[in-house]
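Have a look at run.tsv; it's TSV, C-alpha atoms:
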chain	number	residue	atom	x	y	z
A	5	MET	CA	15.39	8.28	-11.70
A	6	THR	CA	15.53	6.79	-8.20
A	7	ASP	CA	18.90	8.44	-7.57
A	8	ASP	CA	17.55	11.81	-8.63
A	9	ARG	CA	14.62	11.43	-6.34
A	10	ARG	CA	16.83	10.41	-3.45
A	11	ALA	CA	19.14	13.31	-4.04
A	12	PHE	CA	16.13	15.58	-4.17
A	13	ILE	CA	14.72	14.24	-0.92
A	14	LYS	CA	18.12	14.53	0.75
A	15	LYS	CA	18.49	18.10	-0.41
A	16	SER	CA	15.00	19.07	0.58
A	17	VAL	CA	15.47	17.56	4.03
A	18	ALA	CA	18.81	19.35	4.38
A	19	ILE	CA	17.42	22.68	3.23
A	20	GLY	CA	14.40	22.26	5.48
A	21	GLY	CA	16.71	21.50	8.37
A	22	TYR	CA	18.95	24.50	7.78
A	23	SER	CA	16.09	26.92	7.41
A	24	MET	CA	14.59	25.56	10.61
A	25	ILE	CA	17.91	26.11	12.39
A	26	ALA	CA	18.20	29.60	10.94
A	27	THR	CA	14.73	30.68	11.97
A	28	GLY	CA	14.20	28.32	14.89
A	29	GLY	CA	17.25	29.61	16.74
A	30	LEU	CA	15.44	32.83	17.40
A	31	LEU	CA	12.19	31.25	18.46
A	32	THR	CA	12.96	28.01	20.27
A	33	SER	CA	15.72	26.43	22.32
A	34	PRO	CA	18.51	24.42	20.61
A	35	GLU	CA	17.30	21.22	22.31
A	36	ALA	CA	13.96	21.50	20.59
A	37	ASN	CA	15.77	21.87	17.27
A	38	ALA	CA	17.84	18.76	17.81
A	39	GLU	CA	14.70	16.83	18.61
A	40	TRP	CA	13.02	18.15	15.52
A	41	LEU	CA	15.94	17.11	13.31
A	42	ALA	CA	16.07	13.61	14.79
A	43	GLU	CA	12.39	13.23	14.08
A	44	THR	CA	12.62	14.33	10.46
A	45	THR	CA	15.29	11.83	9.48
A	46	SER	CA	13.19	8.85	10.51
A	47	THR	CA	9.60	9.66	9.59
A	48	ASP	CA	9.95	12.60	7.25
A	49	ILE	CA	9.35	10.64	4.06
A	50	LEU	CA	6.24	9.03	5.53
A	51	GLN	CA	4.91	12.42	6.59
A	52	GLN	CA	5.63	13.85	3.14
A	53	THR	CA	3.78	10.98	1.50
A	54	ILE	CA	0.81	11.39	3.80
A	55	LYS	CA	0.76	15.11	3.12
A	56	ARG	CA	0.87	14.57	-0.62
A	57	LEU	CA	-1.88	11.97	-0.51
A	58	PHE	CA	-4.27	13.54	1.93
A	59	LYS	CA	-3.25	17.22	1.75
A	60	ASP	CA	-3.77	18.81	5.15
A	61	GLN	CA	-6.71	16.66	6.21
A	62	GLU	CA	-6.89	15.78	9.85
A	63	ILE	CA	-6.12	12.10	10.43
A	64	ILE	CA	-7.45	10.62	13.66
A	65	GLU	CA	-6.17	7.51	15.41
A	66	SER	CA	-8.89	4.90	15.54
A	67	ASP	CA	-9.32	1.52	17.23
A	68	LYS	CA	-11.96	0.51	14.73
A	69	ILE	CA	-9.31	-0.51	12.23
A	70	ASP	CA	-7.97	-4.02	12.66
A	71	ILE	CA	-4.64	-4.91	11.06
A	72	GLN	CA	-3.79	-8.59	10.90
A	73	ILE	CA	-0.09	-8.91	10.18
A	74	PRO	CA	2.60	-11.19	11.64
A	75	LYS	CA	4.53	-9.50	14.47
A	76	THR	CA	7.74	-11.03	13.18
A	77	ALA	CA	8.30	-11.83	9.54
A	78	GLU	CA	11.03	-14.22	8.47
A	79	ASN	CA	10.70	-13.19	4.87
A	80	GLY	CA	10.27	-9.47	4.32
A	81	ALA	CA	9.58	-10.06	0.63
A	82	ALA	CA	6.04	-11.30	1.22
A	83	VAL	CA	4.30	-10.35	4.45
A	84	PRO	CA	0.57	-11.09	4.42
A	85	ILE	CA	-1.67	-8.30	5.69
A	86	THR	CA	-5.44	-8.12	6.16
A	87	VAL	CA	-7.08	-4.84	7.04
A	88	THR	CA	-10.60	-4.91	8.47
A	89	SER	CA	-12.50	-1.83	9.47
A	90	SER	CA	-15.72	-1.46	11.40
A	91	LEU	CA	-16.07	2.20	10.42
A	92	ASN	CA	-19.10	3.23	8.40
A	93	HIS	CA	-19.03	4.41	4.80
A	94	VAL	CA	-15.45	3.49	3.99
A	95	GLU	CA	-14.35	5.09	0.75
A	96	SER	CA	-10.71	4.13	0.52
A	97	ILE	CA	-8.03	2.16	2.33
A	98	ALA	CA	-4.33	3.02	2.01
A	99	ILE	CA	-1.46	0.87	3.27
A	100	LEU	CA	1.95	2.41	4.01
A	101	VAL	CA	5.21	0.84	5.15
A	102	GLU	CA	7.01	3.48	7.20
A	103	LYS	CA	10.66	2.63	6.56
A	104	ASN	CA	10.51	1.59	2.92
A	105	PRO	CA	12.15	4.14	0.61
A	106	ILE	CA	8.76	4.79	-0.96
A	107	PRO	CA	6.27	4.19	1.85
A	108	LEU	CA	2.99	3.91	-0.05
A	109	ALA	CA	2.20	0.29	-0.90
A	110	ALA	CA	-1.36	0.55	-2.16
A	111	LYS	CA	-4.48	2.63	-2.01
A	112	PHE	CA	-7.81	1.07	-2.89
A	113	GLU	CA	-10.95	3.02	-3.54
A	114	LEU	CA	-13.84	0.78	-2.59
A	115	SER	CA	-17.42	1.16	-3.78
A	116	PRO	CA	-20.28	0.85	-1.23
A	117	ASP	CA	-20.89	-2.68	-2.57
A	118	LEU	CA	-17.76	-3.89	-0.84
A	119	GLU	CA	-17.04	-4.87	2.73
A	120	PRO	CA	-14.18	-2.78	4.17
A	121	VAL	CA	-11.78	-5.71	4.07
A	122	VAL	CA	-8.55	-5.77	2.07
A	123	SER	CA	-5.86	-8.43	1.96
A	124	ALA	CA	-2.51	-8.13	0.25
A	125	ARG	CA	1.13	-9.17	0.56
A	126	LEU	CA	3.76	-6.54	1.29
A	127	LYS	CA	7.49	-6.14	0.86
A	128	ILE	CA	9.02	-4.79	4.06
A	129	ALA	CA	12.70	-3.87	3.78
A	130	GLU	CA	13.46	-3.62	7.51
A	131	SER	CA	11.61	-3.75	10.81
A	132	SER	CA	9.06	-1.01	10.51
A	133	ALA	CA	5.60	0.16	11.36
A	134	VAL	CA	2.86	-0.52	8.86
A	135	ALA	CA	0.27	2.24	8.81
A	136	VAL	CA	-3.23	2.04	7.42
A	137	ILE	CA	-5.27	5.12	6.58
A	138	VAL	CA	-8.99	4.67	6.07
A	139	GLU	CA	-11.02	7.39	4.39
A	140	THR	CA	-14.71	7.60	5.28
A	141	ASN	CA	-17.31	10.23	4.55
A	142	GLU	CA	-16.66	11.53	8.08
A	143	GLY	CA	-12.93	11.98	7.72
A	144	PHE	CA	-9.67	10.10	7.87
A	145	PHE	CA	-8.71	7.46	10.41
A	146	THR	CA	-5.44	5.68	10.98
A	147	ALA	CA	-3.96	2.72	12.81
A	148	SER	CA	-0.54	1.13	12.71
A	149	GLU	CA	1.15	-2.09	13.65
A	150	LYS	CA	4.85	-2.84	14.11
A	151	VAL	CA	6.52	-5.66	12.19
A	152	ILE	CA	9.95	-7.09	12.95
A	153	VAL	CA	11.73	-8.47	9.90
A	154	THR	CA	14.40	-11.08	10.65
A	155	PRO	CA	16.83	-11.43	7.74
A	156	GLY	CA	18.06	-14.96	7.29
A	157	GLY	CA	16.12	-16.20	10.27
A	158	CYS	CA	19.26	-16.55	12.42
A	159	GLU	CA	19.20	-13.10	13.96
A	160	ILE	CA	16.69	-12.14	16.56
B	12	MET	CA	-2.42	-17.52	-20.76
B	13	SER	CA	-3.64	-14.68	-18.71
B	14	SER	CA	-1.48	-13.36	-15.91
B	15	ILE	CA	-4.50	-13.13	-13.58
B	16	LYS	CA	-6.02	-16.00	-11.63
B	17	ILE	CA	-9.36	-15.29	-10.00
B	18	ARG	CA	-11.16	-17.34	-7.37
B	19	THR	CA	-14.50	-16.47	-5.83
B	20	LYS	CA	-16.23	-18.10	-2.90
B	21	ARG	CA	-19.69	-17.39	-1.59
B	22	ILE	CA	-19.74	-17.20	2.22
B	23	ASP	CA	-22.92	-16.24	4.16
B	24	GLY	CA	-24.38	-14.26	1.29
B	25	LYS	CA	-21.12	-12.45	0.68
B	26	THR	CA	-18.66	-13.15	-2.08
B	27	GLN	CA	-14.96	-13.31	-1.43
B	28	ILE	CA	-12.89	-12.35	-4.46
B	29	ARG	CA	-9.28	-13.46	-4.46
B	30	MET	CA	-6.78	-12.78	-7.18
B	31	LEU	CA	-3.23	-13.79	-7.93
B	32	ILE	CA	-1.38	-11.86	-10.60
B	33	ALA	CA	1.88	-13.00	-12.17
B	34	HIS	CA	4.10	-9.92	-12.22
B	35	PRO	CA	7.75	-9.27	-11.24
B	36	MET	CA	6.93	-6.11	-9.19
B	37	GLU	CA	10.49	-4.78	-9.37
B	38	HIS	CA	11.02	-1.60	-7.35
B	39	GLY	CA	14.14	-0.48	-9.27
B	40	ARG	CA	16.67	-0.91	-6.43
B	41	ASN	CA	17.52	-4.57	-6.99
B	42	ARG	CA	20.65	-5.48	-8.91
B	43	ASP	CA	21.07	-8.25	-11.42
B	44	SER	CA	23.17	-10.97	-9.72
B	45	LYS	CA	25.32	-11.57	-12.85
B	46	THR	CA	25.85	-8.14	-14.38
B	47	ASN	CA	25.37	-6.09	-11.18
B	48	ALA	CA	23.27	-3.64	-13.20
B	49	LEU	CA	20.17	-2.13	-11.65
B	50	ILE	CA	16.97	-3.88	-12.66
B	51	PRO	CA	14.58	-1.18	-13.89
B	52	ALA	CA	11.39	-0.61	-11.91
B	53	HIS	CA	8.48	-2.66	-13.22
B	54	PHE	CA	5.35	-2.80	-11.12
B	55	ILE	CA	1.57	-2.67	-11.40
B	56	GLN	CA	0.24	0.84	-10.95
B	57	GLU	CA	-3.48	0.47	-11.45
B	58	LEU	CA	-5.80	-2.33	-10.56
B	59	THR	CA	-9.48	-2.28	-11.46
B	60	VAL	CA	-12.17	-4.75	-10.43
B	61	GLU	CA	-15.59	-4.67	-12.07
B	62	HIS	CA	-18.76	-6.47	-11.01
B	63	ASN	CA	-21.22	-6.75	-13.89
B	64	LYS	CA	-19.55	-3.75	-15.55
B	65	ASN	CA	-19.79	-1.58	-12.41
B	66	VAL	CA	-16.36	-0.58	-11.18
B	67	ILE	CA	-16.18	-1.67	-7.53
B	68	ILE	CA	-12.48	-1.24	-6.81
B	69	THR	CA	-9.88	1.08	-8.26
B	70	GLY	CA	-6.49	0.65	-6.72
B	71	ASN	CA	-3.15	2.35	-7.06
B	72	THR	CA	-0.40	-0.04	-6.17
B	73	GLY	CA	3.31	0.54	-5.75
B	74	ALA	CA	6.43	-1.55	-5.69
B	75	ASN	CA	5.93	-2.28	-1.97
B	76	ILE	CA	3.54	-5.00	-3.02
B	77	SER	CA	5.20	-8.41	-3.20
B	78	LYS	CA	6.18	-10.17	-6.39
B	79	ASP	CA	3.24	-12.03	-7.95
B	80	PRO	CA	0.74	-9.95	-5.98
B	81	TYR	CA	-2.20	-11.44	-4.13
B	82	PHE	CA	-5.24	-9.40	-3.19
B	83	ALA	CA	-8.53	-10.35	-1.58
B	84	PHE	CA	-11.72	-8.35	-1.24
B	85	THR	CA	-15.23	-9.13	-0.03
B	86	LEU	CA	-18.29	-8.18	-2.01
B	87	LYS	CA	-21.63	-7.62	-0.26
B	88	GLY	CA	-24.05	-9.90	-2.09
B	89	GLY	CA	-23.08	-11.19	-5.49
B	90	ASN	CA	-24.99	-13.96	-7.20
B	91	PRO	CA	-23.94	-17.08	-9.10
B	92	GLY	CA	-23.50	-16.12	-12.74
B	93	ASP	CA	-22.32	-12.56	-12.00
B	94	LYS	CA	-19.30	-11.50	-13.94
B	95	ILE	CA	-16.12	-10.25	-12.25
B	96	THR	CA	-13.55	-8.53	-14.46
B	97	ILE	CA	-10.09	-7.69	-13.18
B	98	SER	CA	-7.58	-5.61	-15.11
B	99	TRP	CA	-4.20	-4.07	-14.37
B	100	VAL	CA	-1.82	-1.56	-15.96
B	101	ASP	CA	1.87	-1.39	-15.04
B	102	ASN	CA	4.38	1.47	-15.16
B	103	LEU	CA	5.68	0.31	-18.56
B	104	GLY	CA	2.20	0.49	-20.08
B	105	ASN	CA	1.61	-3.27	-20.21
B	106	GLU	CA	-1.87	-4.37	-19.32
B	107	ASP	CA	-3.97	-7.48	-18.91
B	108	ALA	CA	-7.55	-8.35	-18.03
B	109	GLN	CA	-9.40	-11.48	-17.02
B	110	GLU	CA	-13.07	-12.34	-16.62
B	111	HIS	CA	-14.55	-14.72	-14.10
B	112	ILE	CA	-18.09	-15.96	-13.50
B	113	ILE	CA	-19.16	-16.47	-9.86
B	114	ASN	CA	-20.16	-20.12	-9.34
Structure rendered as structure tokens:
Amino acid sequence: MTDDRRAFIKKSVAIGGYSMIATGGLLTSPEANAEWLAETTSTDILQQTIKRLFKDQEIIESDKIDIQIPKTAENGAAVPITVTSSLNHVESIAILVEKNPIPLAAKFELSPDLEPVVSARLKIAESSAVAVIVETNEGFFTASEKVIVTPGGCEI
Amino acid sequence: MSSIKIRTKRIDGKTQIRMLIAHPMEHGRNRDSKTNALIPAHFIQELTVEHNKNVIITGNTGANISKDPYFAFTLKGGNPGDKITISWVDNLGNEDAQEHIIN
């Protein structure tokens, strides 16, 4: 199942890339295309996930979301994270790990009886950004934090 | 024995709910060290927390959550004697639930 999905993602990225080259050649410079392709390979899956989850909603960067997570993690198998938000009327909190093959870790829908605080432990395959998307009745807000995973503890 | 351990603590009129669930949380990309066969994905998909029969949290979790997952939430209010019920369903259809009374 995983292999199929990977193959599908690879194909869709490839097809997307080719069609962009085919059409983009007429509209934009080749440099812009190269940049676009480089960007897709790294964050494309994250963007796809976000699109699937939140459709085409506008997501705004916010400093009212606090992510407590170690900057360097010796063990990527269990990285503690606490998300605190000072936004009003929080409806859901989603946690995504950018470079994991499937970025979405968890999405919690919280009732108004709860404080907007969520703790969990994440698996992080490689050094990556951890993004949090908070849904409120006024829209979507995001913040992210980078985590460096040191395999074995000997490498820096 | 239930797979869910629940602890609650009342702090400044709020109630902290912590849970520890025994679950392998396999993401389907690990290989068995002896047979080198892929270990099938096995992870919790849905998590529900109820407070006196009102659903307060519904969560969708994926395999990016660590093995034996730990979650903590904070409830506004909450009184001694209130009942907290936590239940989960995994991708293979297994499920479990546990009740807890706030001290």
Exercise. Name the residues in contact with Ile128 in chain A at a cut-off of 9 Å, using only C-alpha atoms, excluding same-chain residues fewer than 5 positions from it; report them as a PyMOL selection string.
Key: (chain A and resi 77+79-83+101+103-104+134+151+153) or (chain B and resi 75-77)
Quiz item: What's the 8 Å shell around Val138 in chain A, counting all atoms listed in the file, without same-chain residues fewer than 6 positions away, as an MDAnalysis selection string?
Solution: chainID A and resid 94:98 144:146
Exercise. May I ask for the distance between CA of Asp79 in chain B and CA of Ser44 in chain B, given in Å to one decimal place?
Key: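 That distance, rounded to one decimal, is 20.0 Å.
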Quiz prompt | Close residues, Leu114 in chain A itself excluded, 12 Å, all atoms listed in the file, min 5 positions apart in chain, as a PyMOL selection string | solution = (chain A and resi 93-98+119-122+138-140) or (chain B and resi 58-61+65-71+84-87)
Quiz item: chain A residues within 6 Å of chain B, counting only C-alpha atoms: which ones, as JSON, numbers by chain?
Solution: {"A": [82, 109, 110, 111, 112, 113, 114, 115, 117, 118, 119, 121, 122, 123, 124, 125, 126, 127]}
Quiz item: What is the CA of Ile106 in chain A to CA of Ser98 in chain B distance in Å?
Solution: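 CA of Ile106 in chain A sits 24.0 Å away from CA of Ser98 in chain B.
Candidate residues B:Gln109, B:Asn90, B:Thr46, B:Asn41 were compared for distance to Arg21 in chain B, and the nearest is B:Asn90, using all atoms listed in the file.
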Self-check item: Straight-line distance linking CA of Ile55 in chain B with CA of Ile32 in chain B, stated in Å to one decimal
Solution: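 Result for CA of Ile55 in chain B versus CA of Ile32 in chain B: 9.7 Å, one decimal.
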Practice problem: Compare A:Val136, A:Ile71, A:Ile49, A:Leu91 by their minimum atom-to-atom distance to Pro105 in chain A, counting all atoms listed in the file, and give me the closest one. | Solution: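 Closest to Pro105 in chain A, using all atoms listed in the file: A:Ile49.
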Quiz item: Of the residues B:His34, B:Lys20, B:Lys94, B:Lys45, which is the one nearest to Glu106 in chain B, using all atoms listed in the file?
Solution: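 Going through B:His34, B:Lys20, B:Lys94, B:Lys45 one by one, the smallest distance to Glu106 in chain B is for B:His34.
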Exercise. Between B:Pro91, B:Ile28, B:Lys64, B:Ala33, single out the one closest to Asp107 in chain B, counting all atoms listed in the file.
Key: B:Ala33
Quiz item: Which one of B:Asn47, B:Thr96, B:Thr19, B:Ser14 sits closest to Glu110 in chain B if you count all atoms listed in the file?
Solution: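 Counting all atoms listed in the file, the residue closest to Glu110 in chain B is B:Thr96.
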